[in-house]
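Just final_33.cif here, mmCIF, C-alpha atoms:
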data_structure
#
loop_
_atom_site.label_atom_id
_atom_site.label_comp_id
_atom_site.auth_asym_id
_atom_site.auth_seq_id
_atom_site.Cartn_x
_atom_site.Cartn_y
_atom_site.Cartn_z
CA MET Y 1 154.30 93.15 74.63
CA ALA Y 2 150.82 94.64 73.97
CA SER Y 3 149.29 91.18 74.30
CA SER Y 4 150.88 90.75 77.74
CA VAL Y 5 149.53 94.12 78.98
CA GLU Y 6 146.06 93.27 77.70
CA LYS Y 7 146.10 89.95 79.54
CA LYS Y 8 147.03 91.69 82.78
CA LYS Y 9 144.14 94.19 82.37
CA TRP Y 10 141.68 91.35 81.88
CA SER Y 11 143.13 89.58 84.90
CA CYS Y 12 142.56 92.68 87.03
CA ARG Y 13 138.97 93.05 85.81
CA LEU Y 14 138.24 89.37 86.46
CA SER Y 15 139.59 89.64 90.01
CA SER Y 16 137.34 92.66 90.66
CA LEU Y 17 134.27 90.85 89.38
CA VAL Y 18 135.07 87.79 91.51
CA PHE Y 19 135.36 90.00 94.60
CA LEU Y 20 132.05 91.79 93.93
CA PHE Y 21 130.26 88.51 93.27
CA SER Y 22 131.57 87.09 96.54
CA LEU Y 23 130.46 90.21 98.43
CA PHE Y 24 126.99 90.14 96.89
CA SER Y 25 126.62 86.43 97.65
CA SER Y 26 127.60 87.05 101.27
CA CYS Y 27 124.98 89.80 101.51
CA GLN Y 28 122.32 87.53 100.09
CA SER Y 29 123.16 84.79 102.57
CA LEU Y 30 123.09 87.33 105.40
CA TRP Y 31 119.74 88.92 104.52
CA GLY Y 32 118.09 86.02 102.82
CA GLY Y 33 118.30 83.56 105.67
CA GLU Y 34 115.31 81.89 107.23
CA THR Y 35 113.27 83.94 109.71
CA SER Y 36 110.88 82.72 112.36
CA THR Y 37 107.26 82.31 111.32
CA ARG Y 38 104.04 82.05 113.28
CA LYS Y 39 100.65 80.52 112.66
CA LEU Y 40 97.93 83.15 113.02
CA SER Y 41 94.34 82.64 114.13
CA VAL Y 42 91.82 85.48 114.31
CA VAL Y 43 88.67 85.49 116.46
CA LEU Y 44 86.26 88.37 116.95
CA ASN Y 45 84.59 88.59 120.38
CA PRO Y 46 85.82 85.12 121.49
CA SER Y 47 83.22 83.08 123.38
CA ALA Y 48 80.83 86.03 123.62
CA PRO Y 49 77.22 84.87 124.13
CA SER Y 50 75.99 87.72 121.90
CA LEU Y 51 77.22 90.80 120.11
CA PRO Y 52 78.80 93.01 122.81
CA PRO Y 53 76.92 96.32 123.00
CA GLY Y 54 79.90 98.42 124.12
CA GLY Y 55 82.32 97.58 121.32
CA ASP Y 56 84.31 94.70 119.86
CA LEU Y 57 87.24 92.64 121.13
CA LEU Y 58 89.56 91.11 118.54
CA HIS Y 59 91.92 88.29 119.50
CA VAL Y 60 94.81 87.36 117.19
CA ARG Y 61 96.79 84.34 118.40
CA ALA Y 62 100.27 84.11 116.87
CA LEU Y 63 101.57 80.61 117.56
CA GLY Y 64 105.29 79.89 117.50
CA ASP Y 65 107.24 76.68 118.04
CA ASN Y 66 107.70 77.23 121.78
CA ASP Y 67 105.74 80.40 122.58
CA THR Y 68 102.59 82.38 121.79
CA LEU Y 69 101.82 86.03 121.18
CA HIS Y 70 98.32 87.27 121.96
CA PHE Y 71 97.24 90.51 120.28
CA LEU Y 72 94.01 91.99 121.66
CA PHE Y 73 92.42 95.00 119.93
CA CYS Y 74 89.45 96.53 121.71
CA SER Y 75 87.00 99.35 120.95
CA GLN Y 76 85.29 99.46 124.33
CA GLY Y 77 86.24 102.97 125.37
CA ALA Y 78 89.39 104.42 123.84
CA PRO Y 79 90.93 102.12 121.18
CA THR Y 80 93.49 99.85 122.84
CA LEU Y 81 96.00 97.29 121.60
CA LEU Y 82 97.28 94.77 124.15
CA LEU Y 83 100.21 92.40 123.53
CA VAL Y 84 100.83 89.38 125.77
CA HIS Y 85 103.84 87.08 125.22
CA THR Y 86 103.80 83.62 126.82
CA ASN Y 87 106.46 80.89 126.96
CA THR Y 88 104.14 78.09 125.86
CA PRO Y 89 102.26 77.29 122.63
CA PHE Y 90 99.27 76.20 124.72
CA SER Y 91 98.30 79.48 126.43
CA THR Y 92 94.67 80.53 126.00
CA LEU Y 93 92.45 83.59 126.44
CA LYS Y 94 89.61 83.62 128.97
CA VAL Y 95 86.97 86.38 129.01
CA ASN Y 96 84.19 86.76 131.55
CA TRP Y 97 81.87 88.77 129.33
CA THR Y 98 79.42 89.73 132.07
CA GLN Y 99 82.22 91.39 134.02
CA PHE Y 100 84.10 92.61 130.95
CA GLU Y 101 81.17 94.65 129.68
CA HIS Y 102 80.92 96.48 133.00
CA ARG Y 103 84.44 97.86 132.29
CA ASN Y 104 85.37 98.23 135.94
CA ILE Y 105 86.35 94.74 137.13
CA SER Y 106 89.99 93.67 137.10
CA GLY Y 107 90.60 90.08 136.07
CA SER Y 108 87.64 89.78 133.73
CA LEU Y 109 90.12 89.06 130.91
CA LYS Y 110 93.02 86.64 131.44
CA VAL Y 111 95.68 84.79 129.49
CA GLU Y 112 96.18 81.39 131.09
CA PRO Y 113 98.22 79.92 132.56
CA GLU Y 114 99.19 83.26 134.09
CA SER Y 115 102.56 81.81 135.14
CA SER Y 116 103.47 81.47 131.43
CA ILE Y 117 103.35 85.23 130.76
CA LEU Y 118 106.80 86.57 129.92
CA TYR Y 119 105.81 90.10 129.04
CA SER Y 120 102.78 92.26 128.38
CA THR Y 121 102.19 95.83 127.26
CA ALA Y 122 99.32 97.88 125.90
CA VAL Y 123 98.88 101.14 124.03
CA VAL Y 124 95.79 103.29 124.52
CA PHE Y 125 94.94 105.96 121.95
CA SER Y 126 93.35 108.30 124.43
CA ARG Y 127 92.91 111.80 122.96
CA LEU Y 128 93.18 113.82 119.78
CA LEU Y 129 94.30 117.40 120.37
CA GLU Y 130 93.88 120.36 118.01
CA TYR Y 131 95.43 123.81 118.29
CA ASN Y 132 95.47 126.99 116.24
CA ASP Y 133 99.04 127.60 115.06
CA VAL Y 134 98.54 131.33 114.45
CA ASN Y 135 102.25 132.17 114.15
CA ASP Y 136 103.20 129.00 112.23
CA THR Y 137 105.68 127.85 114.86
CA ALA Y 138 104.36 124.28 115.22
CA VAL Y 139 104.93 124.65 118.98
CA PRO Y 140 101.75 123.45 120.75
CA THR Y 141 101.90 125.65 123.84
CA SER Y 142 98.60 127.55 123.65
CA ASP Y 143 95.45 128.13 121.60
CA PHE Y 144 94.22 124.57 122.19
CA PHE Y 145 90.64 123.70 121.38
CA PRO Y 146 88.71 121.33 123.69
CA PRO Y 147 90.25 117.87 123.17
CA TYR Y 148 88.56 114.98 121.43
CA GLU Y 149 88.23 112.26 124.10
CA LEU Y 150 88.42 109.02 122.14
CA GLN Y 151 86.69 107.04 124.87
CA ASN Y 152 83.55 109.04 124.06
CA PHE Y 153 83.62 108.35 120.33
CA THR Y 154 81.06 106.23 118.54
CA TRP Y 155 83.09 103.38 117.06
CA SER Y 156 82.12 101.18 114.17
CA ARG Y 157 82.15 97.42 114.35
CA LEU Y 158 85.54 95.94 113.52
CA ASN Y 159 85.87 95.14 109.83
CA LEU Y 160 88.07 92.06 109.41
CA SER Y 161 90.20 91.10 106.43
CA GLY Y 162 92.47 88.18 107.28
CA PRO Y 163 94.89 89.17 110.07
CA SER Y 164 93.87 92.83 109.65
CA ALA Y 165 91.09 94.85 111.24
CA LEU Y 166 89.71 98.32 110.52
CA LEU Y 167 88.08 100.52 113.16
CA CYS Y 168 86.61 103.97 112.47
CA GLY Y 169 84.96 106.40 114.84
CA SER Y 170 83.44 109.85 115.02
CA ALA Y 171 82.06 112.26 117.55
CA ALA Y 172 79.32 114.85 117.66
CA THR Y 173 81.97 117.56 117.35
CA PHE Y 174 83.44 115.95 114.21
CA THR Y 175 81.98 117.24 110.96
CA ASN Y 176 81.81 114.88 107.97
CA GLY Y 177 85.00 113.08 108.99
CA SER Y 178 86.36 110.16 110.96
CA LEU Y 179 89.36 108.85 112.85
CA CYS Y 180 90.39 105.35 111.77
CA LEU Y 181 92.83 102.73 113.02
CA GLN Y 182 93.92 99.71 110.99
CA LEU Y 183 95.62 96.81 112.76
CA SER Y 184 97.82 94.35 110.84
CA VAL Y 185 99.48 91.28 112.37
CA PHE Y 186 102.22 89.36 110.56
CA ASP Y 187 103.30 85.72 110.42
CA SER Y 188 106.86 86.48 109.24
CA GLU Y 189 109.38 89.25 108.62
CA GLY Y 190 108.72 91.75 105.85
CA ARG Y 191 107.67 95.27 104.95
CA TYR Y 192 104.28 96.82 104.45
CA HIS Y 193 103.51 97.70 100.82
CA SER Y 194 103.00 101.46 101.37
CA LEU Y 195 105.05 104.21 103.00
CA PRO Y 196 106.66 104.44 105.48
CA ARG Y 197 107.32 100.72 104.82
CA LEU Y 198 108.34 99.85 108.38
CA LEU Y 199 110.28 96.62 108.83
CA HIS Y 200 108.12 94.19 110.81
CA THR Y 201 108.76 90.74 112.26
CA SER Y 202 106.55 87.88 113.35
CA ASN Y 203 106.77 89.34 116.88
CA SER Y 204 105.18 92.66 115.95
CA SER Y 205 101.91 94.22 114.84
CA GLN Y 206 101.29 97.44 112.94
CA LEU Y 207 98.73 100.18 113.55
CA ARG Y 208 98.04 102.81 110.93
CA VAL Y 209 96.11 105.79 112.28
CA TRP Y 210 94.52 108.40 110.04
CA LEU Y 211 92.29 111.46 110.27
CA ASP Y 212 90.11 111.89 107.21
CA GLY Y 213 87.77 114.69 106.19
CA VAL Y 214 87.36 116.29 109.61
CA LEU Y 215 86.71 120.01 109.32
CA PRO Y 216 89.33 121.86 111.38
CA ARG Y 217 88.26 124.46 113.92
CA ALA Y 218 90.71 127.01 112.50
CA THR Y 219 92.36 127.67 109.14
CA ARG Y 220 95.79 127.05 110.75
CA SER Y 221 94.95 123.93 112.74
CA ARG Y 222 97.55 121.32 113.65
CA PHE Y 223 96.96 118.08 115.54
CA LEU Y 224 98.53 115.96 118.26
CA LEU Y 225 97.75 112.34 119.13
CA GLU Y 226 97.95 111.37 122.79
CA MET Y 227 98.97 107.80 123.60
CA GLN Y 228 99.33 105.98 126.90
CA ALA Y 229 101.61 102.97 127.31
CA VAL Y 230 100.42 100.54 129.96
CA GLY Y 231 102.38 97.73 131.55
CA GLY Y 232 102.88 95.75 134.74
CA ALA Y 233 106.33 95.94 136.27
CA TYR Y 234 108.08 97.22 133.12
CA PRO Y 235 106.00 99.64 131.02
CA LEU Y 236 107.28 101.52 128.00
CA SER Y 237 109.15 104.33 129.71
CA ARG Y 238 111.84 105.87 127.46
CA VAL Y 239 112.14 106.91 123.82
CA GLU Y 240 115.27 106.26 121.79
CA VAL Y 241 116.00 107.99 118.48
CA LEU Y 242 118.24 106.05 116.11
CA ARG Y 243 119.89 107.58 113.05
CA SER Y 244 120.92 106.00 109.76
CA ILE Y 245 122.55 107.06 106.50
CA ASP Y 246 120.12 104.93 104.48
CA ASP Y 247 116.65 106.18 103.43
CA GLU Y 248 116.05 103.46 100.86
CA PHE Y 249 112.60 102.42 102.15
CA THR Y 250 111.38 105.72 103.64
CA PRO Y 251 112.80 108.45 101.38
CA SER Y 252 114.20 111.57 103.10
CA ILE Y 253 113.76 110.06 106.59
CA PHE Y 254 117.00 109.09 108.31
CA LYS Y 255 115.65 108.43 111.81
CA VAL Y 256 113.52 105.92 113.68
CA SER Y 257 111.96 106.50 117.10
CA GLN Y 258 111.20 103.69 119.53
CA TRP Y 259 109.43 103.82 122.87
CA VAL Y 260 110.93 100.88 124.76
CA SER Y 261 110.54 98.85 127.91
CA SER Y 262 113.51 97.42 129.77
CA MET Y 263 114.22 95.70 133.05
CA ASN Y 264 115.56 98.16 135.62
CA GLY Y 265 116.92 100.49 132.93
CA SER Y 266 119.12 97.84 131.28
CA SER Y 267 119.94 97.79 127.58
CA ASP Y 268 117.90 94.60 127.03
CA VAL Y 269 114.57 95.63 125.48
CA LEU Y 270 111.46 93.69 126.51
CA GLY Y 271 109.00 95.40 124.18
CA TYR Y 272 108.66 98.46 122.01
CA LEU Y 273 106.52 100.91 120.10
CA GLN Y 274 108.42 101.96 116.96
CA TRP Y 275 107.76 104.57 114.28
CA LYS Y 276 109.41 106.78 111.67
CA PRO Y 277 109.02 110.51 112.48
CA VAL Y 278 106.89 111.14 109.41
CA ALA Y 279 103.20 111.38 108.57
CA TYR Y 280 101.45 111.73 105.21
CA ARG Y 281 98.83 114.19 103.97
CA GLN Y 282 97.22 111.90 101.37
CA SER Y 283 95.55 108.49 101.61
CA ASN Y 284 98.03 107.08 99.08
CA PRO Y 285 101.29 108.21 100.72
CA ALA Y 286 104.08 109.58 98.55
CA LEU Y 287 107.29 111.47 99.20
CA GLU Y 288 105.80 114.83 98.23
CA ASP Y 289 102.98 114.33 100.78
CA ALA Y 290 105.29 113.66 103.74
CA THR Y 291 105.19 115.88 106.81
CA PRO Y 292 107.48 115.54 109.84
CA CYS Y 293 106.26 114.70 113.32
CA HIS Y 294 107.71 115.11 116.80
CA HIS Y 295 107.17 113.32 120.12
CA SER Y 296 107.15 114.64 123.65
CA ASP Y 297 109.05 112.98 126.49
CA PRO Y 298 107.15 110.11 128.19
CA ARG Y 299 105.75 111.03 131.60
CA PRO Y 300 104.08 108.94 134.32
CA GLN Y 301 100.28 109.11 134.30
CA ASN Y 302 97.54 108.63 136.86
CA GLY Y 303 96.78 104.93 136.60
CA GLU Y 304 93.14 105.17 137.67
CA VAL Y 305 92.27 107.91 135.20
CA ALA Y 306 94.07 106.24 132.31
CA ALA Y 307 92.63 102.80 133.04
CA ALA Y 308 89.11 104.19 133.15
CA ALA Y 309 89.43 105.33 129.52
CA SER Y 310 89.80 101.74 128.24
CA GLY Y 311 87.74 98.70 129.06
CA LEU Y 312 90.62 96.41 128.11
CA ILE Y 313 93.15 97.94 130.53
CA ARG Y 314 90.94 97.63 133.59
CA ALA Y 315 90.00 94.08 132.62
CA PHE Y 316 93.59 92.78 132.29
CA TYR Y 317 95.75 94.84 134.68
CA ALA Y 318 95.15 95.02 138.43
CA GLU Y 319 97.70 97.76 139.16
CA PRO Y 320 98.92 99.19 135.83
CA GLU Y 321 101.97 101.39 135.45
CA ILE Y 322 101.28 104.04 132.80
CA PHE Y 323 103.38 106.51 130.83
CA GLY Y 324 102.01 108.96 128.28
CA LEU Y 325 103.32 111.02 125.39
CA ASN Y 326 102.04 113.13 122.50
CA VAL Y 327 102.99 112.92 118.85
CA SER Y 328 102.57 116.26 117.04
CA PHE Y 329 102.30 116.52 113.27
CA GLY Y 330 103.89 119.21 111.13
CA PHE Y 331 106.79 121.62 111.65
CA ALA Y 332 106.99 125.37 111.10
CA GLY Y 333 106.52 126.19 107.44
CA GLU Y 334 104.75 122.89 106.71
CA PRO Y 335 101.20 122.99 105.25
CA PHE Y 336 98.38 123.04 107.78
CA TYR Y 337 95.81 120.26 108.10
CA ASN Y 338 93.33 122.40 106.17
CA ARG Y 339 95.38 121.87 102.97
CA THR Y 340 94.28 118.26 102.37
CA LYS Y 341 92.09 117.43 105.40
CA PHE Y 342 93.94 114.14 105.71
CA LEU Y 343 96.71 112.92 108.00
CA SER Y 344 98.08 109.38 108.52
CA TRP Y 345 100.75 107.93 110.79
CA THR Y 346 102.03 104.36 111.28
CA VAL Y 347 103.49 102.60 114.32
CA LEU Y 348 104.65 99.09 115.30
CA LEU Y 349 104.01 97.35 118.63
CA GLY Y 350 106.13 94.30 119.36
CA SER Y 351 107.80 92.03 121.86
CA GLY Y 352 111.56 91.71 122.26
CA SER Y 353 114.12 93.89 120.52
CA PRO Y 354 112.86 96.25 117.78
CA PRO Y 355 113.70 95.36 114.17
CA VAL Y 356 116.70 97.26 112.81
CA ASP Y 357 116.90 98.52 109.24
CA SER Y 358 120.07 97.46 107.43
CA PHE Y 359 121.47 98.09 103.98
CA SER Y 360 119.88 95.82 101.41
CA PRO Y 361 122.10 93.59 99.20
CA LEU Y 362 121.43 95.92 96.26
CA VAL Y 363 122.68 98.97 98.17
CA LEU Y 364 125.74 97.10 99.43
CA ALA Y 365 126.56 95.88 95.92
CA MET Y 366 126.30 99.44 94.61
CA MET Y 367 128.58 100.65 97.41
CA ALA Y 368 131.05 97.90 96.56
CA VAL Y 369 131.03 98.90 92.90
CA GLY Y 370 131.44 102.57 93.74
CA LEU Y 371 134.06 102.23 96.48
CA GLY Y 372 135.59 98.78 96.23
CA THR Y 373 136.36 98.62 92.53
CA PRO Y 374 138.71 101.65 92.40
CA MET Y 375 140.63 100.38 95.42
CA ILE Y 376 141.02 96.91 93.97
CA LEU Y 377 142.07 98.26 90.57
CA LEU Y 378 144.57 100.59 92.25
CA LEU Y 379 146.04 97.73 94.28
CA LEU Y 380 146.22 95.33 91.36
CA GLY Y 381 147.59 98.10 89.12
CA GLY Y 382 150.40 98.69 91.61
CA VAL Y 383 151.20 94.98 91.64
CA CYS Y 384 151.24 94.88 87.82
CA VAL Y 385 153.59 97.88 87.67
CA CYS Y 386 155.97 96.29 90.18
CA VAL Y 387 155.99 93.02 88.24
CA ARG Y 388 156.72 94.81 84.97
CA LYS Y 389 159.56 96.83 86.52
CA ARG Y 390 161.14 93.69 87.93
CA ALA Y 391 160.85 91.98 84.55
CA ALA Y 392 162.41 94.97 82.77
CA ALA Y 393 165.27 95.17 85.27
CA SER Y 394 165.95 91.47 84.87
CA ALA Y 395 166.06 91.73 81.06
CA THR Y 396 168.64 94.60 81.02
CA ALA Y 397 170.99 93.12 83.64
CA TYR Y 398 174.48 91.78 82.53
CA GLU Y 399 174.73 88.06 82.11
CA SER Y 400 177.60 86.19 83.74
CA ILE Y 401 180.53 85.13 81.52
CA ASN Y 402 181.57 81.55 81.72
#

Translate the structure of the given file into C-alpha cells.
Amino acid sequence: MASSVEKKKWSCRLSSLVFLFSLFSSCQSLWGGETSTRKLSVVLNPSAPSLPPGGDLLHVRALGDNDTLHFLFCSQGAPTLLLVHTNTPFSTLKVNWTQFEHRNISGSLKVEPESSILYSTAVVFSRLLEYNDVNDTAVPTSDFFPPYELQNFTWSRLNLSGPSALLCGSAATFTNGSLCLQLSVFDSEGRYHSLPRLLHTSNSSQLRVWLDGVLPRATRSRFLLEMQAVGGAYPLSRVEVLRSIDDEFTPSIFKVSQWVSSMNGSSDVLGYLQWKPVAYRQSNPALEDATPCHHSDPRPQNGEVAAAASGLIRAFYAEPEIFGLNVSFGFAGEPFYNRTKFLSWTVLLGSGSPPVDSFSPLVLAMMAVGLGTPMILLLLGGVCVCVRKRAAASATAYESIN
C-alpha cells in the first residue's frame, strides 16, 4: 500500500515539472524569437567641404530590408535630434552646406526622394532651468534664476565611438561644469548596460543627458530641462503614462512615460519619446542614487521662435508644428542638486509603436513555481484521493453469489 502511495506522489511531482518545463519553453520561444536588425553607417558632417564653424552634424543611416531610418544629431544652436523614416532602402541625405551654415534657410537639408518619407520628428533640448526650492516643495512656480539658453552654449566637437556620439557644452554662467548629451543608435533589440536599462529596438535611438559639476546658484537648487518636439503634420502632442507590476530592470520604478505622435488622435502611434520617470545623482547609476522626475503637459509653441533655436529644424522643416514640455527632477524631501552636483536622465526617440516591457522568462518561471505548483498539486491530490476512495469502495463491496 505504501509503495502505491509513493508512486502516486512521484507521478504528481513529475506532472508538475512537465508543466513548468512546457511553460518555460513557451516563454523562451515567445521572447527569444528573431527581431529585426539594421545595418548602421555613421558619417560626421557628410559631404562638408571643411569643418563647419558653427557645430557638427552627425548622420546615422540605419538600413533595413525595405526601409531606412535617418538619425541626425546637430550641435548648431540648441542640441537637436532628428529622425526621418523612409519606405525605401535607397533614400539619401543631401546638405547644402553654404545655406545650412546660415541657419535661416528652409530646405538646406533634405532626405531624398522626399516622396519616400513616411514620418519625421525632432527633439530640441532648448533650455535648462534652475530654481531655488526654499520650502522643499519641488513645485517650480517661483524663485527661478535666469534660464540657461542652450542655443548660446559653446559646444564641443562630437566625439564618436561606433554608433554613439558624445556632445558636451558650457556657458559663461556655468562654473567648472558641463551639460553633456550622449547619443546611441542600435542595430537590434536589447537593453542598455546601465540604469534605467530602457528596452530599445532597431527603430529607436537613446539620448542620455547629464549635468556634471555645475555650481548651483542656491543651496536648495533644483533643475528642469525644457524640450521641444518638432514635426510636420503629426508632431509629438500627448504624453501617456503606463504602469506595470514589474520593476525587474529599473528597480522601484513601476511606470514609463511616452510622448507620442498619432494621426488625428488615433491609437496608432507614429513615433515616440519614451522615458522612465527617474534620474540618477551619480555618474554610475545605482538604486540608492535614484531621484524621481515629473513632466509637464505638452503645449503648443511658437514655431518661429523654436525653430530659430536650432539650425537643424529650420533647415529641414518649412512650417514646423511644435509642442514643448519640461521635465523636473526631484520631489519634496529628495536631496537637492548641491548634494552630489550630478544629475543624469535617459530618453528614447523612435519610429512606430514604443517598445513595451514584459515579464522575462525567469520571472514567469518563478511565478509559475510560486502560483502554479500549489494549484497543480491540489488538483492532482484531489484526483488521487478520489481514485483511492473508489478503489477502497470497490474492495469492500459484496461479491455476487453464483

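Residues matching the PyMOL selection byres ((chain Y and resi 250) around 9) in this structure come to Y:Leu195, Y:Pro196, Y:Arg197, Y:Leu198, Y:Asp246, Y:Asp247, Y:Glu248, Y:Phe249, Y:Pro251, Y:Ser252, Y:Ile253, Y:Phe254, Y:Lys276, Y:Leu287.
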
### Task
Apply the PyMOL selection byres ((chain Y and resi 345-358) around 6) to the structure shown and report the selected residues as a ChimeraX atom specification.
/Y:203-209,269-275,279,344,359

Keeping only C-alpha atoms, write the selected residues to a file as an mmCIF file, in the frame of the given file.
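Okay, this is what ended up in again_4.cif:
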data_model
loop_
_atom_site.group_PDB
_atom_site.id
_atom_site.type_symbol
_atom_site.label_atom_id
_atom_site.label_comp_id
_atom_site.auth_asym_id
_atom_site.auth_seq_id
_atom_site.Cartn_x
_atom_site.Cartn_y
_atom_site.Cartn_z
ATOM 1 C CA ASN Y 203 106.770 89.340 116.880
ATOM 2 C CA SER Y 204 105.180 92.660 115.950
ATOM 3 C CA SER Y 205 101.910 94.220 114.840
ATOM 4 C CA GLN Y 206 101.290 97.440 112.940
ATOM 5 C CA LEU Y 207 98.730 100.180 113.550
ATOM 6 C CA ARG Y 208 98.040 102.810 110.930
ATOM 7 C CA VAL Y 209 96.110 105.790 112.280
ATOM 8 C CA VAL Y 269 114.570 95.630 125.480
ATOM 9 C CA LEU Y 270 111.460 93.690 126.510
ATOM 10 C CA GLY Y 271 109.000 95.400 124.180
ATOM 11 C CA TYR Y 272 108.660 98.460 122.010
ATOM 12 C CA LEU Y 273 106.520 100.910 120.100
ATOM 13 C CA GLN Y 274 108.420 101.960 116.960
ATOM 14 C CA TRP Y 275 107.760 104.570 114.280
ATOM 15 C CA ALA Y 279 103.200 111.380 108.570
ATOM 16 C CA SER Y 344 98.080 109.380 108.520
ATOM 17 C CA PHE Y 359 121.470 98.090 103.980
#

#### Entry: Shell around Phe331 of chain Y at 7 Å using all atoms listed in the file, local window under 3 positions removed, as a ChimeraX atom specification
/Y:138,292,334

### Task
On this file, the PyMOL selection byres ((chain Y and resi 173-180) around 7) gives some set of residues; write that set as a ChimeraX atom specification.
/Y:167-172,181-182,209-215

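Near Tyr148 of chain Y, within 7 Å and counting all atoms listed in the file, sit Arg127, Leu128 and Leu129 of chain Y; same-chain residues fewer than 3 positions away were not included.
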
Could you take the residues named above and write them with C-alpha atoms, as a PDB file, keeping the file's coordinate frame?
ATOM      1  CA  ARG Y 127      92.910 111.800 122.960  1.00  0.00           C
ATOM      2  CA  LEU Y 128      93.180 113.820 119.780  1.00  0.00           C
ATOM      3  CA  LEU Y 129      94.300 117.400 120.370  1.00  0.00           C
TER       4      LEU Y 129
END

Mind checking which residues fall within 10 Å of Ser116 of chain Y, counting all atoms listed in the file, ignoring those fewer than 2 positions away in the same chain, and posting them as a short mmCIF file (atom, residue, chain, number, x, y, z; two decimals) with C-alpha atoms, in the coordinates of the input?
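Saved as selection-v6.cif:
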data_model
loop_
_atom_site.label_atom_id
_atom_site.label_comp_id
_atom_site.auth_asym_id
_atom_site.auth_seq_id
_atom_site.Cartn_x
_atom_site.Cartn_y
_atom_site.Cartn_z
CA ASP Y 67 105.74 80.40 122.58
CA THR Y 68 102.59 82.38 121.79
CA HIS Y 85 103.84 87.08 125.22
CA THR Y 86 103.80 83.62 126.82
CA ASN Y 87 106.46 80.89 126.96
CA THR Y 88 104.14 78.09 125.86
CA PRO Y 89 102.26 77.29 122.63
CA PHE Y 90 99.27 76.20 124.72
CA SER Y 91 98.30 79.48 126.43
CA VAL Y 111 95.68 84.79 129.49
CA GLU Y 112 96.18 81.39 131.09
CA PRO Y 113 98.22 79.92 132.56
CA GLU Y 114 99.19 83.26 134.09
CA LEU Y 118 106.80 86.57 129.92
CA TYR Y 119 105.81 90.10 129.04
#

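Candidate residues Y:Gly190, Y:Pro298, Y:Gly330, Y:Gly324 were compared for distance to Leu224 of chain Y, and the nearest is Y:Gly330, using only C-alpha atoms.
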
### Task
Can you work out the spacing between atom CA of Asp65 of chain Y and atom CA of Val230 of chain Y in Å, to one decimal?
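Value for the atom CA of Asp65 of chain Y-atom CA of Val230 of chain Y distance: 27.5 Å.
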
Compile the contact shell of segment 161-166 of chain Y as a compact mmCIF listing (two decimals) with C-alpha atoms, in the frame of the given file: residues with an atom at most 9 Å away, counting all atoms listed in the file, same-chain residues fewer than 6 positions apart removed.
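As written to disk, part.txt reads:
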# COMPACT_ATOMS: atom_id res chain seq x y z
CA LEU Y 40 97.93 83.15 113.02
CA SER Y 41 94.34 82.64 114.13
CA VAL Y 42 91.82 85.48 114.31
CA LEU Y 58 89.56 91.11 118.54
CA VAL Y 60 94.81 87.36 117.19
CA PHE Y 73 92.42 95.00 119.93
CA CYS Y 180 90.39 105.35 111.77
CA LEU Y 181 92.83 102.73 113.02
CA GLN Y 182 93.92 99.71 110.99
CA LEU Y 183 95.62 96.81 112.76
CA SER Y 184 97.82 94.35 110.84
CA VAL Y 185 99.48 91.28 112.37
CA PHE Y 186 102.22 89.36 110.56

### Query
atom CA of Gly311 of chain Y and atom CA of Lys39 of chain Y, how far apart in Å?
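Interatomic distance, atom CA of Lys39 of chain Y to atom CA of Gly311 of chain Y: 27.7 Å.
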
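The spacing separating atom CA of Gly303 of chain Y from atom CA of Glu149 of chain Y amounts to 16.8 Å.
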
### Message
Calculated over only C-alpha atoms, which of the candidates Y:Lys110, Y:Arg217, Y:Arg222, Y:His200 has the smallest distance to Pro335 of chain Y?
### Response
Y:Arg222

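Each of Y:Leu158, Y:Ser36, Y:Leu378, Y:Pro46 was compared to Glu189 of chain Y using only C-alpha atoms, and Y:Ser36 turns out to be the nearest.
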
Given 8 Å of margin on each side, can you work out the centre and size in Å (one decimal) of an axis-aligned box holding every listed atom of segment 126-144 of chain Y, as lines of an AutoDock Vina configuration file?
center_x = 99.3
center_y = 120.2
center_z = 118.3
size_x = 28.8
size_y = 39.9
size_z = 28.2
